[in-house]
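Beneath this line is the structure, given in structure tokens, with notes to follow.
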Amino acid sequence: MNIVSIADNTIALRNGSVTLAYADTQPEGEADAAVVLLHGFCGSSAYWEKVLPLLARTSRRIIVPDMRGHGRSSAPTDAVYTMEEIAEDVAALIEGLALGPVHLFGHSLGGYAALALAERHPGKLRSFGIVHSTGFPDTDVARDNRDRAVASIRDYGIGAFVEGLIPKLFAVREDGTHEELVQQAITIGRGTSASGAIAVSLGMKERLDRTAILESSSQPVLLVAGQKDGVIPPERTFSTNRAGVKQVLLEQAGHMGMIETPEELAAALNDFIERK
């Protein structure tokens with residue numbers, strides 16, 4: 001399996017209004033349906049680095065973009081990045097790379113975008129899932145916190161903001177590696193555009209209730225939650241248990257299962273995809 005460096009992959013989308021960087025695995029021979037992985041707020045494709053080789057052992061092409069305003073992707077000047085706009089970026093990426101219907105999985109912010117894409121472009125999906133995410137809109141408290149995040153980034157910069165945010169996303173580990181994982185995520189977060197983070201915060205604040213998509217979608221759906229997630233508790237992720245929906249609880253994970261428990265998350269993704 002040849003995993004191409006993210007630095008070597010960019011694509012201009014939507015009449016050049018946004019350029020996305022992405023990691024791409026190229027399996028030998030004919031590939032099964034592609035997998036697209038979306039990262040969370042103040043993250044990048046690097047969030048999935050531990051999971052990617054575990055998924056890449058199979059004959060699937062895996063695409064992992066940096067979403068607008070994050071990582072190596074461009075940060076358009078829009079004041080707000082809506083979940084619909086981010087979903088359209090991903091839809092354009094799927095079309096631009098001629099991927100056909102894909103298995104789409106989104107972490108946190110990426111889950112919000114995945115749900116928007118499932119609503120707007122169901123034909124582009126073979127299946128989809130949300131990881132440490134939810135179909136519910138922000139609560140009033142969460143909306144107030146978005147405003148505080150915007151103020152913090154404006155006043156103190158993206159570096160100070162992610163240094164305060166990231167430690168809250170992890171469950172404390174008894175093996176002594178907690179601080180190392182936190183620092184890795186902080187380093188990734190510092191690569192986020194300050195204006196992009198503000199625009200995304202405002203977009204998450206105004207996102208729609210998409211629990212109905214989880215209830216009614218004709219595609220298979222995967223819901224993954226962390227038992228120790230202090231940001232989006234399992235009950236906010238597991239909003240439905242209808243037929244066609246698989247629920248997976250990562251017992252040792254907080255909000256960052258792809259970094260905290262990559263083997264367990266990769267196993268859940270592989271099992272779900274192979275059954276679809």
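Please note that chains go A, B, ... in the order of the structure tokens, that every chain numbers its residues from 1, and that ligands are numbered from 1 in the order shown.
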Tell me, as an MDAnalysis selection string, which residues lie within 9 Å of region 93-97 of chain A, counting only C-alpha atoms; anything in the same chain fewer than 6 positions away does not count. chainID A and resid 11:13 20 36 65 124
Give me the residues of region 137-238 of chain A that have any atom at most 9 Å from an atom of region 253-262 of chain A; for each, the nearest atom pair and the distance in Å, rounded to one decimal. Use only C-alpha atoms, sort by chain and number, and format it as JSON lines.
```
{"residue": "A:Lys168", "atom": "CA", "partner": "A:His255", "partner_atom": "CA", "distance": 8.5}
{"residue": "A:Leu169", "atom": "CA", "partner": "A:His255", "partner_atom": "CA", "distance": 5.0}
{"residue": "A:Phe170", "atom": "CA", "partner": "A:Gly254", "partner_atom": "CA", "distance": 4.9}
{"residue": "A:Ala171", "atom": "CA", "partner": "A:Gly254", "partner_atom": "CA", "distance": 4.6}
{"residue": "A:Val172", "atom": "CA", "partner": "A:Gly254", "partner_atom": "CA", "distance": 8.3}
{"residue": "A:Arg173", "atom": "CA", "partner": "A:Glu260", "partner_atom": "CA", "distance": 8.8}
{"residue": "A:His178", "atom": "CA", "partner": "A:Glu260", "partner_atom": "CA", "distance": 8.5}
{"residue": "A:Leu181", "atom": "CA", "partner": "A:Ile259", "partner_atom": "CA", "distance": 7.2}
{"residue": "A:Ala185", "atom": "CA", "partner": "A:Ile259", "partner_atom": "CA", "distance": 8.5}
{"residue": "A:Val224", "atom": "CA", "partner": "A:Gly257", "partner_atom": "CA", "distance": 9.0}
{"residue": "A:Ala225", "atom": "CA", "partner": "A:His255", "partner_atom": "CA", "distance": 7.8}
{"residue": "A:Gly226", "atom": "CA", "partner": "A:Ala253", "partner_atom": "CA", "distance": 4.8}
{"residue": "A:Gln227", "atom": "CA", "partner": "A:Ala253", "partner_atom": "CA", "distance": 6.1}
{"residue": "A:Lys228", "atom": "CA", "partner": "A:Gly254", "partner_atom": "CA", "distance": 4.4}
{"residue": "A:Asp229", "atom": "CA", "partner": "A:Gly254", "partner_atom": "CA", "distance": 3.8}
{"residue": "A:Gly230", "atom": "CA", "partner": "A:Gly254", "partner_atom": "CA", "distance": 6.6}
{"residue": "A:Val231", "atom": "CA", "partner": "A:His255", "partner_atom": "CA", "distance": 6.6}
{"residue": "A:Ile232", "atom": "CA", "partner": "A:His255", "partner_atom": "CA", "distance": 7.2}
{"residue": "A:Pro233", "atom": "CA", "partner": "A:His255", "partner_atom": "CA", "distance": 8.7}
```
Find the residues near Arg207 (chain A): any atom within 8 Å, counting only C-alpha atoms, skip ones fewer than 2 places away on the same chain, and give them as a PyMOL selection string. chain A and resi 82-83+112+137-138+203-205+209
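Of note, CA of Arg190 (chain A) and CA of Cys42 (chain A) are spaced 7.7 Å apart.
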DSSP on the backbone: what in region 34-247 of chain A comes out strand (DSSP E or B), as an NGL selection string? :A and (34-38 or 60-65 or 102-107 or 125-131 or 221-226 or 245-247)
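Distances here use only C-alpha atoms; by that measure, the residue among A:Ala23, A:Ile213, A:Ala79, A:Ile198 closest to Pro122 (chain A) is A:Ile213.
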Which residues come within 9 Å of His39 (chain A), counting only C-alpha atoms, excluding same-chain residues fewer than 4 positions away, as a PyMOL selection string? chain A and resi 43-48+64-67+105-111
With all heavy atoms retained, export the selected residues as a tab-separated table (two decimals), in the first residue's frame.
```tsv
chain	number	residue	atom	x	y	z
A	43	GLY	N	-8.38	20.60	14.06
A	43	GLY	CA	-7.60	19.41	13.75
A	43	GLY	C	-7.09	19.48	12.32
A	43	GLY	O	-7.02	20.54	11.71
A	44	SER	N	-6.74	18.34	11.78
A	44	SER	CA	-6.35	18.22	10.38
A	44	SER	C	-6.38	16.74	10.04
A	44	SER	O	-6.71	15.90	10.89
A	44	SER	CB	-4.95	18.80	10.13
A	44	SER	OG	-3.94	17.91	10.58
A	45	SER	N	-5.98	16.43	8.82
A	45	SER	CA	-5.89	15.03	8.43
A	45	SER	C	-4.95	14.26	9.35
A	45	SER	O	-5.07	13.03	9.49
A	45	SER	CB	-5.41	14.92	6.99
A	45	SER	OG	-4.15	15.54	6.83
A	46	ALA	N	-4.02	14.95	10.00
A	46	ALA	CA	-3.08	14.29	10.91
A	46	ALA	C	-3.79	13.63	12.09
A	46	ALA	O	-3.22	12.73	12.72
A	46	ALA	CB	-2.04	15.29	11.41
A	47	TYR	N	-4.99	14.06	12.40
A	47	TYR	CA	-5.76	13.39	13.46
A	47	TYR	C	-5.93	11.90	13.17
A	47	TYR	O	-6.07	11.10	14.09
A	47	TYR	CB	-7.14	14.03	13.58
A	47	TYR	CG	-7.27	15.15	14.60
A	47	TYR	CD1	-6.17	15.78	15.14
A	47	TYR	CD2	-8.52	15.57	15.02
A	47	TYR	CE1	-6.28	16.80	16.06
A	47	TYR	CE2	-8.67	16.59	15.95
A	47	TYR	CZ	-7.55	17.20	16.47
A	47	TYR	OH	-7.68	18.20	17.38
A	48	TRP	N	-5.95	11.53	11.90
A	48	TRP	CA	-6.25	10.16	11.51
A	48	TRP	C	-4.98	9.34	11.23
A	48	TRP	O	-5.07	8.22	10.74
A	48	TRP	CB	-7.14	10.15	10.27
A	48	TRP	CG	-8.51	10.71	10.49
A	48	TRP	CD1	-8.93	11.98	10.24
A	48	TRP	CD2	-9.64	10.02	11.02
A	48	TRP	NE1	-10.26	12.11	10.57
A	48	TRP	CE2	-10.72	10.93	11.05
A	48	TRP	CE3	-9.85	8.70	11.47
A	48	TRP	CZ2	-11.98	10.58	11.51
A	48	TRP	CZ3	-11.10	8.34	11.93
A	48	TRP	CH2	-12.16	9.28	11.94
A	64	VAL	N	-8.20	11.57	3.01
A	64	VAL	CA	-8.31	12.28	4.29
A	64	VAL	C	-7.99	13.75	4.05
A	64	VAL	O	-6.82	14.13	4.02
A	64	VAL	CB	-7.36	11.68	5.35
A	64	VAL	CG1	-7.75	12.18	6.74
A	64	VAL	CG2	-7.35	10.16	5.30
A	65	PRO	N	-9.01	14.59	3.87
A	65	PRO	CA	-8.74	16.00	3.59
A	65	PRO	C	-8.53	16.83	4.85
A	65	PRO	O	-8.99	16.48	5.94
A	65	PRO	CB	-10.02	16.45	2.87
A	65	PRO	CG	-11.09	15.59	3.47
A	65	PRO	CD	-10.44	14.25	3.76
A	66	ASP	N	-7.82	17.94	4.68
A	66	ASP	CA	-7.86	19.03	5.65
A	66	ASP	C	-9.05	19.89	5.24
A	66	ASP	O	-9.11	20.37	4.09
A	66	ASP	CB	-6.60	19.89	5.57
A	66	ASP	CG	-5.37	19.19	6.12
A	66	ASP	OD1	-5.52	18.14	6.75
A	66	ASP	OD2	-4.26	19.71	5.90
A	67	MET	N	-10.00	20.11	6.12
A	67	MET	CA	-11.14	20.93	5.77
A	67	MET	C	-10.76	22.41	5.70
A	67	MET	O	-9.71	22.81	6.23
A	67	MET	CB	-12.28	20.69	6.76
A	67	MET	CG	-12.89	19.30	6.59
A	67	MET	SD	-14.39	19.03	7.54
A	67	MET	CE	-13.71	18.87	9.18
A	105	PHE	N	-16.86	9.12	7.02
A	105	PHE	CA	-16.88	9.16	8.48
A	105	PHE	C	-16.31	10.49	8.95
A	105	PHE	O	-15.25	10.92	8.50
A	105	PHE	CB	-16.07	8.00	9.07
A	105	PHE	CG	-16.52	6.66	8.60
A	105	PHE	CD1	-15.83	6.00	7.58
A	105	PHE	CD2	-17.64	6.05	9.14
A	105	PHE	CE1	-16.25	4.76	7.12
A	105	PHE	CE2	-18.08	4.81	8.68
A	105	PHE	CZ	-17.38	4.17	7.67
A	106	GLY	N	-17.02	11.14	9.87
A	106	GLY	CA	-16.60	12.44	10.34
A	106	GLY	C	-16.48	12.50	11.84
A	106	GLY	O	-17.38	12.05	12.57
A	107	HIS	N	-15.36	13.07	12.31
A	107	HIS	CA	-15.12	13.25	13.74
A	107	HIS	C	-15.60	14.63	14.17
A	107	HIS	O	-15.18	15.64	13.61
A	107	HIS	CB	-13.62	13.11	14.03
A	107	HIS	CG	-13.22	13.62	15.38
A	107	HIS	ND1	-12.31	14.64	15.56
A	107	HIS	CD2	-13.61	13.25	16.63
A	107	HIS	CE1	-12.15	14.88	16.84
A	107	HIS	NE2	-12.92	14.05	17.52
A	108	SER	N	-16.49	14.70	15.15
A	108	SER	CA	-16.92	15.95	15.77
A	108	SER	C	-17.42	16.93	14.70
A	108	SER	O	-18.44	16.69	14.06
A	108	SER	CB	-15.78	16.52	16.61
A	108	SER	OG	-16.23	17.49	17.52
A	109	LEU	N	-16.70	18.04	14.44
A	109	LEU	CA	-17.05	18.94	13.35
A	109	LEU	C	-17.24	18.17	12.05
A	109	LEU	O	-18.19	18.42	11.29
A	109	LEU	CB	-15.95	19.99	13.18
A	109	LEU	CG	-15.86	20.72	11.83
A	109	LEU	CD1	-17.08	21.58	11.60
A	109	LEU	CD2	-14.58	21.53	11.74
A	110	GLY	N	-16.35	17.22	11.78
A	110	GLY	CA	-16.47	16.42	10.56
A	110	GLY	C	-17.76	15.64	10.50
A	110	GLY	O	-18.31	15.40	9.42
A	111	GLY	N	-18.27	15.24	11.68
A	111	GLY	CA	-19.57	14.56	11.72
A	111	GLY	C	-20.71	15.48	11.34
A	111	GLY	O	-21.66	15.07	10.65
```
Report as a ChimeraX atom specification all protein, DNA and RNA residues lying within 8 Å of Ala199 (chain A), evaluated on only C-alpha atoms, omitting residues in the same chain fewer than 5 positions from it. /A:78-81
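When CA of Ala266 (chain A) is paired with CA of Val248 (chain A), their separation reads 11.5 Å.
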